[in-house]
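The data block below is query-v1.cif; it holds mmCIF, C-alpha atoms.
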data_data
#
loop_
_atom_site.group_PDB
_atom_site.id
_atom_site.type_symbol
_atom_site.label_atom_id
_atom_site.label_comp_id
_atom_site.auth_asym_id
_atom_site.auth_seq_id
_atom_site.Cartn_x
_atom_site.Cartn_y
_atom_site.Cartn_z
ATOM 1 C CA MET A 124 -24.316 -2.360 20.925
ATOM 2 C CA THR A 125 -25.807 -3.565 17.667
ATOM 3 C CA ILE A 126 -24.139 -6.005 15.271
ATOM 4 C CA PHE A 127 -23.654 -3.064 12.895
ATOM 5 C CA TRP A 128 -21.606 -1.113 15.428
ATOM 6 C CA ILE A 129 -19.532 -4.179 16.389
ATOM 7 C CA ALA A 130 -18.806 -4.861 12.722
ATOM 8 C CA THR A 131 -17.967 -1.211 11.997
ATOM 9 C CA ILE A 132 -15.583 -0.775 14.922
ATOM 10 C CA GLY A 133 -14.058 -4.282 14.765
ATOM 11 C CA THR A 134 -13.337 -4.096 11.048
ATOM 12 C CA SER A 135 -11.799 -0.643 11.386
ATOM 13 C CA LEU A 136 -9.599 -1.682 14.305
ATOM 14 C CA VAL A 137 -8.172 -4.784 12.599
ATOM 15 C CA ALA A 138 -7.762 -2.918 9.310
ATOM 16 C CA PHE A 139 -5.602 -0.267 10.953
ATOM 17 C CA LEU A 140 -3.544 -2.778 12.963
ATOM 18 C CA LEU A 141 -2.766 -4.694 9.761
ATOM 19 C CA LYS A 142 -1.733 -1.520 7.938
ATOM 20 C CA TYR A 143 0.396 -0.293 10.841
ATOM 21 C CA SER A 144 2.117 -3.649 11.406
ATOM 22 C CA GLY A 145 3.287 -3.646 7.781
ATOM 23 C CA HIS A 146 4.969 -0.279 8.320
ATOM 24 C CA SER A 147 6.711 -1.456 11.475
ATOM 25 C CA VAL A 148 8.773 -4.354 10.109
ATOM 26 C CA PRO A 149 12.499 -3.477 10.507
ATOM 27 C CA GLU A 150 14.061 -2.168 7.301
ATOM 28 C CA ARG A 151 17.078 -4.535 7.468
ATOM 29 C CA TRP A 152 14.697 -7.432 6.823
ATOM 30 C CA LEU A 153 14.336 -6.025 3.332
ATOM 31 C CA SER A 154 17.943 -5.235 2.409
ATOM 32 C CA HIS A 155 18.829 -8.737 1.151
ATOM 33 C CA PRO A 156 19.200 -8.877 -2.701
ATOM 34 C CA LYS A 157 16.689 -11.720 -2.962
ATOM 35 C CA ILE A 158 14.164 -9.642 -1.055
ATOM 36 C CA GLN A 159 14.824 -6.698 -3.365
ATOM 37 C CA LYS A 160 14.253 -8.927 -6.380
ATOM 38 C CA ILE A 161 11.003 -10.244 -4.909
ATOM 39 C CA ASN A 162 10.036 -6.692 -4.004
ATOM 40 C CA ALA A 163 10.258 -5.754 -7.677
ATOM 41 C CA LEU A 164 8.189 -8.752 -8.790
ATOM 42 C CA ILE A 165 5.385 -8.459 -6.223
ATOM 43 C CA PRO A 166 3.806 -5.317 -7.726
ATOM 44 C CA ILE A 167 3.798 -6.897 -11.183
ATOM 45 C CA ALA A 168 1.926 -9.869 -9.736
ATOM 46 C CA LEU A 169 -0.529 -7.874 -7.621
ATOM 47 C CA LEU A 170 -1.303 -5.193 -10.205
ATOM 48 C CA SER A 171 -1.868 -7.822 -12.913
ATOM 49 C CA ALA A 172 -4.159 -9.756 -10.601
ATOM 50 C CA LEU A 173 -6.088 -6.570 -9.809
ATOM 51 C CA VAL A 174 -6.516 -5.857 -13.520
ATOM 52 C CA SER A 175 -8.045 -9.249 -14.309
ATOM 53 C CA VAL A 176 -10.167 -9.558 -11.178
ATOM 54 C CA GLN A 177 -11.575 -6.052 -11.513
ATOM 55 C CA SER A 178 -12.215 -6.540 -15.244
ATOM 56 C CA PHE A 179 -13.792 -9.978 -15.310
ATOM 57 C CA SER A 180 -15.554 -10.625 -12.034
ATOM 58 C CA GLU A 181 -18.401 -9.366 -9.923
ATOM 59 C CA LYS A 182 -18.716 -10.625 -6.340
ATOM 60 C CA SER A 183 -16.780 -13.869 -6.984
ATOM 61 C CA GLN A 184 -18.678 -14.543 -10.224
ATOM 62 C CA LEU A 185 -16.786 -14.549 -13.494
ATOM 63 C CA MET A 186 -18.287 -12.104 -15.935
ATOM 64 C CA ILE A 187 -17.617 -10.740 -19.397
ATOM 65 C CA ASP A 188 -19.272 -7.369 -19.931
ATOM 66 C CA GLN A 189 -18.569 -3.827 -21.136
ATOM 67 C CA ARG A 190 -15.384 -3.813 -19.056
ATOM 68 C CA LEU A 191 -13.763 -6.073 -21.682
ATOM 69 C CA VAL A 192 -14.245 -3.260 -24.204
ATOM 70 C CA GLY A 193 -12.876 -0.726 -21.720
ATOM 71 C CA LEU A 194 -9.824 -2.886 -21.033
ATOM 72 C CA SER A 195 -9.212 -3.397 -24.769
ATOM 73 C CA ALA A 196 -9.360 0.364 -25.315
ATOM 74 C CA ALA A 197 -6.832 0.813 -22.504
ATOM 75 C CA ILE A 198 -4.481 -1.762 -24.076
ATOM 76 C CA ILE A 199 -4.696 -0.019 -27.458
ATOM 77 C CA ALA A 200 -4.053 3.364 -25.813
ATOM 78 C CA LEU A 201 -1.018 1.937 -23.992
ATOM 79 C CA MET A 202 0.361 0.395 -27.175
ATOM 80 C CA LEU A 203 0.061 3.838 -28.784
ATOM 81 C CA LYS A 204 2.038 5.193 -25.792
ATOM 82 C CA ALA A 205 -0.838 7.384 -24.629
ATOM 83 C CA PRO A 206 -0.440 9.201 -21.283
ATOM 84 C CA PHE A 207 -2.088 7.737 -18.195
ATOM 85 C CA PRO A 208 -5.251 9.912 -18.087
ATOM 86 C CA VAL A 209 -5.922 9.148 -21.756
ATOM 87 C CA VAL A 210 -5.632 5.423 -21.013
ATOM 88 C CA VAL A 211 -8.141 5.692 -18.169
ATOM 89 C CA LEU A 212 -10.504 7.978 -20.083
ATOM 90 C CA SER A 213 -10.587 5.844 -23.216
ATOM 91 C CA ALA A 214 -11.448 2.834 -21.068
ATOM 92 C CA ALA A 215 -14.233 4.738 -19.279
ATOM 93 C CA LEU A 216 -15.729 6.295 -22.418
ATOM 94 C CA SER A 217 -15.742 3.110 -24.515
ATOM 95 C CA SER A 218 -17.142 1.086 -21.628
ATOM 96 C CA ALA A 219 -19.882 3.638 -20.909
ATOM 97 C CA ALA A 220 -20.777 3.759 -24.615
ATOM 98 C CA VAL A 221 -21.204 -0.022 -24.774
ATOM 99 C CA TYR A 222 -23.153 -0.091 -21.521
ATOM 100 C CA ASN A 223 -25.523 2.731 -22.459
ATOM 101 C CA TRP A 224 -26.111 2.043 -26.121
ATOM 102 C CA LEU A 225 -25.658 -1.689 -26.789
ATOM 103 C CA MET B 55 5.960 22.065 -10.296
ATOM 104 C CA SER B 56 8.726 20.153 -12.077
ATOM 105 C CA LYS B 57 7.911 17.915 -15.016
ATOM 106 C CA VAL B 58 8.326 14.775 -12.904
ATOM 107 C CA ALA B 59 6.233 16.107 -10.031
ATOM 108 C CA SER B 60 3.404 17.199 -12.322
ATOM 109 C CA ALA B 61 3.385 13.826 -14.115
ATOM 110 C CA THR B 62 3.186 12.088 -10.729
ATOM 111 C CA PHE B 63 0.472 14.486 -9.604
ATOM 112 C CA ARG B 64 -1.530 13.760 -12.760
ATOM 113 C CA ASP B 65 -1.310 9.988 -12.217
ATOM 114 C CA SER B 66 -2.370 10.427 -8.594
ATOM 115 C CA LEU B 67 -5.304 12.698 -9.392
ATOM 116 C CA SER B 68 -6.658 10.378 -12.117
ATOM 117 C CA VAL B 69 -6.619 7.433 -9.745
ATOM 118 C CA SER B 70 -7.979 9.437 -6.794
ATOM 119 C CA LEU B 71 -10.970 10.697 -8.742
ATOM 120 C CA THR B 72 -11.921 7.461 -10.481
ATOM 121 C CA VAL B 73 -11.441 5.297 -7.393
ATOM 122 C CA GLY B 74 -12.926 7.862 -5.032
ATOM 123 C CA ALA B 75 -16.114 7.999 -7.077
ATOM 124 C CA TYR B 76 -16.676 4.344 -6.220
ATOM 125 C CA GLY B 77 -17.460 5.628 -2.731
ATOM 126 C CA VAL B 78 -20.954 6.415 -4.019
ATOM 127 C CA ALA B 79 -21.530 2.727 -4.642
ATOM 128 C CA PHE B 80 -20.169 1.845 -1.210
ATOM 129 C CA GLY B 81 -22.250 4.441 0.637
ATOM 130 C CA ALA B 82 -25.426 3.377 -1.145
ATOM 131 C CA ALA B 83 -24.686 -0.348 -0.664
ATOM 132 C CA ALA B 84 -23.888 0.108 3.031
ATOM 133 C CA VAL B 85 -27.173 1.857 3.750
ATOM 134 C CA ALA B 86 -29.057 -0.717 1.661
ATOM 135 C CA ASN B 87 -27.521 -3.436 3.859
ATOM 136 C CA GLY B 88 -28.782 -1.889 7.080
ATOM 137 C CA PHE B 89 -25.857 0.299 8.144
ATOM 138 C CA SER B 90 -26.646 3.867 9.193
ATOM 139 C CA VAL B 91 -25.226 6.864 7.339
ATOM 140 C CA LEU B 92 -22.875 7.469 10.291
ATOM 141 C CA GLN B 93 -21.660 3.847 10.306
ATOM 142 C CA SER B 94 -21.152 3.907 6.528
ATOM 143 C CA CYS B 95 -19.058 7.069 6.800
ATOM 144 C CA LEU B 96 -17.066 5.692 9.735
ATOM 145 C CA LEU B 97 -16.237 2.559 7.741
ATOM 146 C CA SER B 98 -14.852 4.736 4.954
ATOM 147 C CA LEU B 99 -12.944 6.999 7.367
ATOM 148 C CA LEU B 100 -11.546 4.339 9.683
ATOM 149 C CA THR B 101 -11.376 1.075 7.730
ATOM 150 C CA PHE B 102 -10.558 2.907 4.478
ATOM 151 C CA SER B 103 -10.052 -0.155 2.309
ATOM 152 C CA GLY B 104 -12.715 -0.672 -0.334
ATOM 153 C CA ALA B 105 -12.610 -4.448 -0.570
ATOM 154 C CA SER B 106 -12.718 -4.878 3.209
ATOM 155 C CA GLN B 107 -15.601 -2.421 3.491
ATOM 156 C CA PHE B 108 -17.653 -4.105 0.774
ATOM 157 C CA ALA B 109 -16.912 -7.469 2.409
ATOM 158 C CA VAL B 110 -18.138 -6.510 5.860
ATOM 159 C CA ILE B 111 -21.379 -4.901 4.685
ATOM 160 C CA GLY B 112 -21.967 -7.832 2.309
ATOM 161 C CA VAL B 113 -21.546 -10.473 5.011
ATOM 162 C CA ILE B 114 -23.624 -8.610 7.614
ATOM 163 C CA GLY B 115 -26.254 -7.697 5.010
ATOM 164 C CA ALA B 116 -26.535 -11.362 4.018
ATOM 165 C CA GLY B 117 -27.168 -12.237 7.653
ATOM 166 C CA GLY B 118 -23.647 -13.191 8.693
ATOM 167 C CA SER B 119 -22.355 -12.701 12.241
ATOM 168 C CA ALA B 120 -20.257 -9.713 13.300
ATOM 169 C CA ILE B 121 -17.274 -12.048 13.727
ATOM 170 C CA SER B 122 -17.549 -13.509 10.230
ATOM 171 C CA GLY B 123 -17.989 -10.024 8.791
ATOM 172 C CA ILE B 124 -14.888 -8.765 10.606
ATOM 173 C CA ALA B 125 -12.897 -11.911 9.694
ATOM 174 C CA THR B 126 -13.700 -11.675 5.979
ATOM 175 C CA ALA B 127 -12.862 -7.976 5.894
ATOM 176 C CA SER B 128 -9.620 -8.577 7.801
ATOM 177 C CA LEU B 129 -8.572 -11.362 5.446
ATOM 178 C CA LEU B 130 -8.815 -8.806 2.670
ATOM 179 C CA GLY B 131 -6.908 -6.265 4.739
ATOM 180 C CA VAL B 132 -3.861 -8.529 5.017
ATOM 181 C CA ARG B 133 -2.606 -7.283 1.682
ATOM 182 C CA ASN B 134 -2.403 -3.755 3.077
ATOM 183 C CA ALA B 135 0.157 -5.081 5.589
ATOM 184 C CA LEU B 136 2.209 -6.362 2.677
ATOM 185 C CA TYR B 137 1.913 -2.968 0.985
ATOM 186 C CA GLY B 138 3.171 -1.391 4.219
ATOM 187 C CA VAL B 139 6.255 -3.619 4.131
ATOM 188 C CA ILE B 140 6.900 -2.491 0.547
ATOM 189 C CA MET B 141 6.310 1.211 1.250
ATOM 190 C CA ALA B 142 7.937 1.710 4.677
ATOM 191 C CA PRO B 143 11.593 1.735 3.491
ATOM 192 C CA ARG B 144 10.689 4.207 0.745
ATOM 193 C CA LEU B 145 8.673 6.549 2.961
ATOM 194 C CA GLN B 146 10.996 6.606 6.013
ATOM 195 C CA VAL B 147 8.402 8.117 8.356
ATOM 196 C CA LYS B 148 8.010 7.905 12.128
ATOM 197 C CA GLY B 149 5.506 8.900 14.823
ATOM 198 C CA TRP B 150 2.177 10.399 13.781
ATOM 199 C CA LYS B 151 3.273 10.519 10.130
ATOM 200 C CA ARG B 152 3.645 6.744 10.183
ATOM 201 C CA VAL B 153 0.120 6.475 11.606
ATOM 202 C CA VAL B 154 -1.198 8.587 8.705
ATOM 203 C CA ALA B 155 0.915 6.661 6.176
ATOM 204 C CA ALA B 156 -0.431 3.368 7.532
ATOM 205 C CA GLN B 157 -4.018 4.573 7.264
ATOM 206 C CA VAL B 158 -3.626 5.548 3.585
ATOM 207 C CA THR B 159 -1.695 2.363 2.654
ATOM 208 C CA ILE B 160 -4.091 0.793 0.154
ATOM 209 C CA ASP B 161 -4.067 -0.737 -3.349
ATOM 210 C CA GLU B 162 -4.122 2.609 -5.112
ATOM 211 C CA SER B 163 -1.516 4.557 -3.120
ATOM 212 C CA THR B 164 0.910 1.625 -3.268
ATOM 213 C CA GLY B 165 0.111 0.975 -6.927
ATOM 214 C CA VAL B 166 0.707 4.571 -8.002
ATOM 215 C CA ALA B 167 3.887 4.770 -5.896
ATOM 216 C CA LEU B 168 5.291 1.617 -7.508
ATOM 217 C CA GLY B 169 4.279 2.943 -10.914
ATOM 218 C CA GLN B 170 6.517 5.980 -10.291
ATOM 219 C CA GLU B 171 9.634 3.866 -9.712
ATOM 220 C CA PRO B 172 11.292 4.873 -13.034
ATOM 221 C CA ARG B 173 10.944 8.526 -11.958
ATOM 222 C CA GLY B 174 12.880 7.957 -8.723
ATOM 223 C CA VAL B 175 12.170 7.462 -5.036
ATOM 224 C CA ASP B 176 10.977 11.051 -4.485
ATOM 225 C CA ALA B 177 8.309 10.592 -7.143
ATOM 226 C CA MET B 178 7.297 7.299 -5.479
ATOM 227 C CA ARG B 179 6.878 9.073 -2.167
ATOM 228 C CA GLN B 180 4.869 11.873 -3.783
ATOM 229 C CA GLY B 181 2.721 9.373 -5.664
ATOM 230 C CA PHE B 182 1.977 7.537 -2.425
ATOM 231 C CA TRP B 183 0.951 10.632 -0.486
ATOM 232 C CA TYR B 184 -0.952 12.357 -3.298
ATOM 233 C CA THR B 185 -2.886 9.209 -4.107
ATOM 234 C CA GLY B 186 -3.409 8.050 -0.525
ATOM 235 C CA ILE B 187 -4.751 11.400 0.616
ATOM 236 C CA GLY B 188 -6.549 12.078 -2.680
ATOM 237 C CA VAL B 189 -8.412 8.772 -2.574
ATOM 238 C CA PHE B 190 -9.128 9.307 1.140
ATOM 239 C CA ILE B 191 -10.768 12.683 0.487
ATOM 240 C CA PHE B 192 -12.814 11.614 -2.542
ATOM 241 C CA TRP B 193 -13.710 8.191 -1.140
ATOM 242 C CA ASN B 194 -15.139 9.728 2.028
ATOM 243 C CA LEU B 195 -16.982 12.557 0.258
ATOM 244 C CA PHE B 196 -18.516 10.133 -2.220
ATOM 245 C CA THR B 197 -19.402 7.678 0.555
ATOM 246 C CA LEU B 198 -21.388 10.414 2.289
ATOM 247 C CA ALA B 199 -23.056 11.330 -0.989
ATOM 248 C CA GLY B 200 -23.919 7.689 -1.678
ATOM 249 C CA ALA B 201 -25.136 7.017 1.849
ATOM 250 C CA LEU B 202 -27.384 10.071 1.777
ATOM 251 C CA GLY B 203 -29.264 8.342 -0.951
ATOM 252 C CA ALA B 204 -27.621 10.094 -3.880
ATOM 253 C CA GLN B 205 -28.632 7.263 -6.100
ATOM 254 C CA ALA B 206 -29.349 9.953 -8.695
ATOM 255 C CA MET B 207 -25.970 9.104 -10.196
ATOM 256 C CA GLY B 208 -27.436 5.636 -10.090
ATOM 257 C CA ASP B 209 -25.407 3.178 -12.023
ATOM 258 C CA ILE B 210 -21.655 3.902 -12.003
ATOM 259 C CA ARG B 211 -21.358 1.609 -15.033
ATOM 260 C CA ALA B 212 -23.234 4.206 -17.101
ATOM 261 C CA PHE B 213 -20.221 6.463 -16.531
ATOM 262 C CA GLY B 214 -17.662 3.775 -17.328
ATOM 263 C CA LEU B 215 -16.187 3.886 -13.826
ATOM 264 C CA ASP B 216 -16.208 0.095 -13.646
ATOM 265 C CA SER B 217 -13.673 0.051 -16.498
ATOM 266 C CA ALA B 218 -11.646 3.045 -15.379
ATOM 267 C CA VAL B 219 -10.263 1.299 -12.313
ATOM 268 C CA PRO B 220 -8.837 -1.836 -14.008
ATOM 269 C CA ALA B 221 -7.549 0.427 -16.801
ATOM 270 C CA ALA B 222 -5.740 2.482 -14.165
ATOM 271 C CA PHE B 223 -4.108 -0.647 -12.728
ATOM 272 C CA LEU B 224 -3.144 -1.752 -16.235
ATOM 273 C CA GLY B 225 -1.614 1.652 -16.906
ATOM 274 C CA LEU B 226 0.439 1.257 -13.741
ATOM 275 C CA VAL B 227 1.746 -2.234 -14.448
ATOM 276 C CA TRP B 228 2.417 -1.641 -18.170
ATOM 277 C CA PRO B 229 5.750 0.250 -17.844
ATOM 278 C CA ARG B 230 7.069 -2.496 -15.555
ATOM 279 C CA LEU B 231 6.685 -5.188 -18.209
ATOM 280 C CA THR B 232 10.154 -4.601 -19.547
ATOM 281 C CA GLY B 233 11.007 -8.144 -20.640
ATOM 282 C CA ASN B 234 9.463 -11.475 -21.515
ATOM 283 C CA PHE B 235 9.990 -12.758 -17.975
ATOM 284 C CA GLU B 236 7.942 -9.879 -16.530
ATOM 285 C CA ARG B 237 5.244 -10.277 -19.192
ATOM 286 C CA VAL B 238 4.868 -14.006 -18.542
ATOM 287 C CA LEU B 239 4.667 -13.358 -14.804
ATOM 288 C CA ALA B 240 2.021 -10.652 -15.319
ATOM 289 C CA VAL B 241 -0.175 -12.760 -17.599
ATOM 290 C CA SER B 242 0.199 -15.837 -15.365
ATOM 291 C CA CYS B 243 -0.817 -13.900 -12.275
ATOM 292 C CA ALA B 244 -3.764 -12.282 -14.071
ATOM 293 C CA ILE B 245 -5.035 -15.693 -15.222
ATOM 294 C CA PHE B 246 -4.376 -17.322 -11.846
ATOM 295 C CA ALA B 247 -6.265 -14.609 -9.953
ATOM 296 C CA ILE B 248 -9.327 -14.669 -12.185
ATOM 297 C CA ALA B 249 -9.384 -18.487 -12.245
ATOM 298 C CA MET B 250 -9.301 -18.618 -8.430
ATOM 299 C CA THR B 251 -11.934 -15.897 -7.999
ATOM 300 C CA PRO B 252 -14.984 -18.218 -7.960
ATOM 301 C CA ILE B 253 -13.192 -20.651 -5.620
ATOM 302 C CA LEU B 254 -11.383 -18.585 -2.979
ATOM 303 C CA PRO B 255 -12.913 -15.884 -0.765
ATOM 304 C CA ALA B 256 -12.795 -12.429 -2.407
ATOM 305 C CA GLY B 257 -9.387 -10.815 -2.142
ATOM 306 C CA LEU B 258 -7.405 -14.029 -1.605
ATOM 307 C CA PRO B 259 -6.803 -14.663 -5.329
ATOM 308 C CA ILE B 260 -5.080 -11.272 -5.463
ATOM 309 C CA ILE B 261 -2.901 -11.717 -2.379
ATOM 310 C CA ALA B 262 -2.031 -15.271 -3.517
ATOM 311 C CA THR B 263 -0.253 -13.883 -6.569
ATOM 312 C CA ALA B 264 2.167 -12.111 -4.225
ATOM 313 C CA PHE B 265 3.280 -15.581 -3.139
ATOM 314 C CA ILE B 266 3.747 -16.590 -6.777
ATOM 315 C CA ALA B 267 6.065 -13.594 -7.122
ATOM 316 C CA ILE B 268 7.918 -14.617 -3.951
ATOM 317 C CA ALA B 269 8.347 -18.220 -5.151
ATOM 318 C CA VAL B 270 9.550 -17.081 -8.585
ATOM 319 C CA GLY B 271 11.899 -14.488 -7.041
ATOM 320 C CA LEU B 272 13.482 -17.063 -4.729
ATOM 321 C CA LYS B 273 14.101 -19.526 -7.568
ATOM 322 C CA ARG B 274 15.576 -17.023 -9.928
#

What is this file in structure tokens?
Amino acid sequence: MTIFWIATIGTSLVAFLLKYSGHSVPERWLSHPKIQKINALIPIALLSALVSVQSFSEKSQLMIDQRLVGLSAAIIALMLKAPFPVVVLSAALSSAAVYNWL
Amino acid sequence: MSKVASATFRDSLSVSLTVGAYGVAFGAAAVANGFSVLQSCLLSLLTFSGASQFAVIGVIGAGGSAISGIATASLLGVRNALYGVIMAPRLQVKGWKRVVAAQVTIDESTGVALGQEPRGVDAMRQGFWYTGIGVFIFWNLFTLAGALGAQAMGDIRAFGLDSAVPAAFLGLVWPRLTGNFERVLAVSCAIFAIAMTPILPAGLPIIATAFIAIAVGLKR
């Protein structure tokens, strides 16, 4: 078996076990009010982290590029209470425009 | 379709399409790093977690061992376990449905589901399934296209896809920033994650912010 097959199968196996284990934690572990509070804060933390990392980095390198323009367009759209697809589209279009023509 | 269901469906479809299209980049990158078309497609079908997939092909392509490739990818996959803990009580599924739910538990399905919270738990469940299965379909189709050398689309940046994904995450977190406390937490976590990105292995800066949320939640 080549290194590529070992990596493909091994990664897939561990990935599924991790996903499945998360679904198998007993529900009562999560009923405590503190846990509920934390449960509401975690997505704010993770989603915000995903926004900045996906906007300003490339393979562990910090980077400012056309995505800054896309993100700014998204912020403006959100402040104008635009619906979700408009937010995403304005980011994509402004970013593509900067990338292609600047 | 009710108003709520169609709004949830729209959110899910936007994310599925934009994220799924990244599969082209993965398929092309996998083949460029020495993986076969079959192996590239299997990674998308079975691992089905973009960051983990990019990590394993990156490490192997750079000459790393199978073990280090698997370890790096798995480190990134830990956050899917956390997402499972968040989603399980809302999904309430058993047997083969839990197996399917686990497989589609990723950033996007969890993110869209959590973004539907103001619309109720049914909308969260719908958002999870629509997005999980939607991303799965598009991600795998686009992986195949990319792996088959469809580099005709070439640079995804020319289509603005590199900005669409963070914009989607921003659109999901925005409605949750209801007070100053939430806004400060969001900005702090965004700054922390980007500041740690050059220092920690890819993926860790993101999962680390979950622990910030836990610490803050315990104190409060």

For B:Phe196, work out the shell of residues within 9 Å, counting only C-alpha atoms and skipping chain neighbours fewer than 5 positions away, then give it as a PDB file with C-alpha atoms, in the frame of the given file.
ATOM      1  CA  GLY B  74     -12.926   7.862  -5.032  1.00  0.00           C
ATOM      2  CA  ALA B  75     -16.114   7.999  -7.077  1.00  0.00           C
ATOM      3  CA  TYR B  76     -16.676   4.344  -6.220  1.00  0.00           C
ATOM      4  CA  GLY B  77     -17.460   5.628  -2.731  1.00  0.00           C
ATOM      5  CA  VAL B  78     -20.954   6.415  -4.019  1.00  0.00           C
ATOM      6  CA  ALA B  79     -21.530   2.727  -4.642  1.00  0.00           C
ATOM      7  CA  PHE B  80     -20.169   1.845  -1.210  1.00  0.00           C
ATOM      8  CA  GLY B  81     -22.250   4.441   0.637  1.00  0.00           C
ATOM      9  CA  ILE B 191     -10.768  12.683   0.487  1.00  0.00           C
ATOM     10  CA  ALA B 201     -25.136   7.017   1.849  1.00  0.00           C
TER      11      ALA B 201
END

- prompt: So which residues get picked by the PyMOL selection byres ((chain B and resi 261) around 12) here, written as a PyMOL selection string?
  reply: (chain A and resi 165-166+168-173+176) or (chain B and resi 129-137+161+243-244+246-247+250-251+254-260+262-268)

- request: On this file, the PyMOL selection byres ((chain A and resi 146) around 7) gives some set of residues; write that set as a list in words.
  value: Lys142, Tyr143, Ser144, Gly145, Ser147 and Val148 of chain A; Gly138, Val139, Ala142 and Ala156 of chain B

- request: Compile the residues of chain A that lie within 7 Å of chain B, evaluated using only C-alpha atoms, and express the compilation as an MDAnalysis selection string.
  value: chainID A and resid 126:127 129:131 133:135 137:139 141:146 148 150 157 160:162 164:165 167:178 183:185 190 193:194 197 207:208 210:212 214:216 218:219 222:223

- prompt: How far is it from atom CA of A:Ile187 to atom CA of A:Ala220, in Å with one decimal?
  reply: 15.7 Å

Residue completion, stretch 169-182 of chain A, N, CA and C atoms, as a PDB file, in the frame of the given file:
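Saved to part.pdb:
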ATOM      1  N   LEU A 169       0.698  -8.408  -8.237  1.00  0.00           N
ATOM      2  CA  LEU A 169      -0.529  -7.874  -7.621  1.00  0.00           C
ATOM      3  C   LEU A 169      -1.310  -6.977  -8.578  1.00  0.00           C
ATOM      4  N   LEU A 170      -0.605  -6.105  -9.286  1.00  0.00           N
ATOM      5  CA  LEU A 170      -1.303  -5.193 -10.205  1.00  0.00           C
ATOM      6  C   LEU A 170      -1.964  -5.975 -11.338  1.00  0.00           C
ATOM      7  N   SER A 171      -1.273  -7.008 -11.841  1.00  0.00           N
ATOM      8  CA  SER A 171      -1.868  -7.822 -12.913  1.00  0.00           C
ATOM      9  C   SER A 171      -3.104  -8.555 -12.415  1.00  0.00           C
ATOM     10  N   ALA A 172      -3.006  -9.070 -11.189  1.00  0.00           N
ATOM     11  CA  ALA A 172      -4.159  -9.756 -10.601  1.00  0.00           C
ATOM     12  C   ALA A 172      -5.333  -8.790 -10.428  1.00  0.00           C
ATOM     13  N   LEU A 173      -5.030  -7.570  -9.993  1.00  0.00           N
ATOM     14  CA  LEU A 173      -6.088  -6.570  -9.809  1.00  0.00           C
ATOM     15  C   LEU A 173      -6.751  -6.227 -11.138  1.00  0.00           C
ATOM     16  N   VAL A 174      -5.949  -6.148 -12.204  1.00  0.00           N
ATOM     17  CA  VAL A 174      -6.516  -5.857 -13.520  1.00  0.00           C
ATOM     18  C   VAL A 174      -7.532  -6.922 -13.907  1.00  0.00           C
ATOM     19  N   SER A 175      -7.139  -8.196 -13.817  1.00  0.00           N
ATOM     20  CA  SER A 175      -8.045  -9.249 -14.309  1.00  0.00           C
ATOM     21  C   SER A 175      -9.266  -9.413 -13.402  1.00  0.00           C
ATOM     22  N   VAL A 176      -9.040  -9.362 -12.091  1.00  0.00           N
ATOM     23  CA  VAL A 176     -10.167  -9.558 -11.178  1.00  0.00           C
ATOM     24  C   VAL A 176     -11.172  -8.404 -11.296  1.00  0.00           C
ATOM     25  N   GLN A 177     -10.656  -7.184 -11.425  1.00  0.00           N
ATOM     26  CA  GLN A 177     -11.575  -6.052 -11.513  1.00  0.00           C
ATOM     27  C   GLN A 177     -12.215  -5.922 -12.889  1.00  0.00           C
ATOM     28  N   SER A 178     -11.640  -6.600 -13.895  1.00  0.00           N
ATOM     29  CA  SER A 178     -12.215  -6.540 -15.244  1.00  0.00           C
ATOM     30  C   SER A 178     -13.246  -7.627 -15.478  1.00  0.00           C
ATOM     31  N   PHE A 179     -13.008  -8.808 -14.898  1.00  0.00           N
ATOM     32  CA  PHE A 179     -13.792  -9.978 -15.310  1.00  0.00           C
ATOM     33  C   PHE A 179     -14.541 -10.669 -14.179  1.00  0.00           C
ATOM     34  N   SER A 180     -14.764  -9.978 -13.083  1.00  0.00           N
ATOM     35  CA  SER A 180     -15.554 -10.625 -12.034  1.00  0.00           C
ATOM     36  C   SER A 180     -16.459  -9.614 -11.352  1.00  0.00           C
ATOM     37  N   GLU A 181     -17.480 -10.163 -10.719  1.00  0.00           N
ATOM     38  CA  GLU A 181     -18.401  -9.366  -9.923  1.00  0.00           C
ATOM     39  C   GLU A 181     -18.817 -10.243  -8.750  1.00  0.00           C
ATOM     40  N   LYS A 182     -18.390  -9.851  -7.540  1.00  0.00           N
ATOM     41  CA  LYS A 182     -18.716 -10.625  -6.340  1.00  0.00           C
ATOM     42  C   LYS A 182     -18.427 -12.120  -6.513  1.00  0.00           C
TER      43      LYS A 182
END
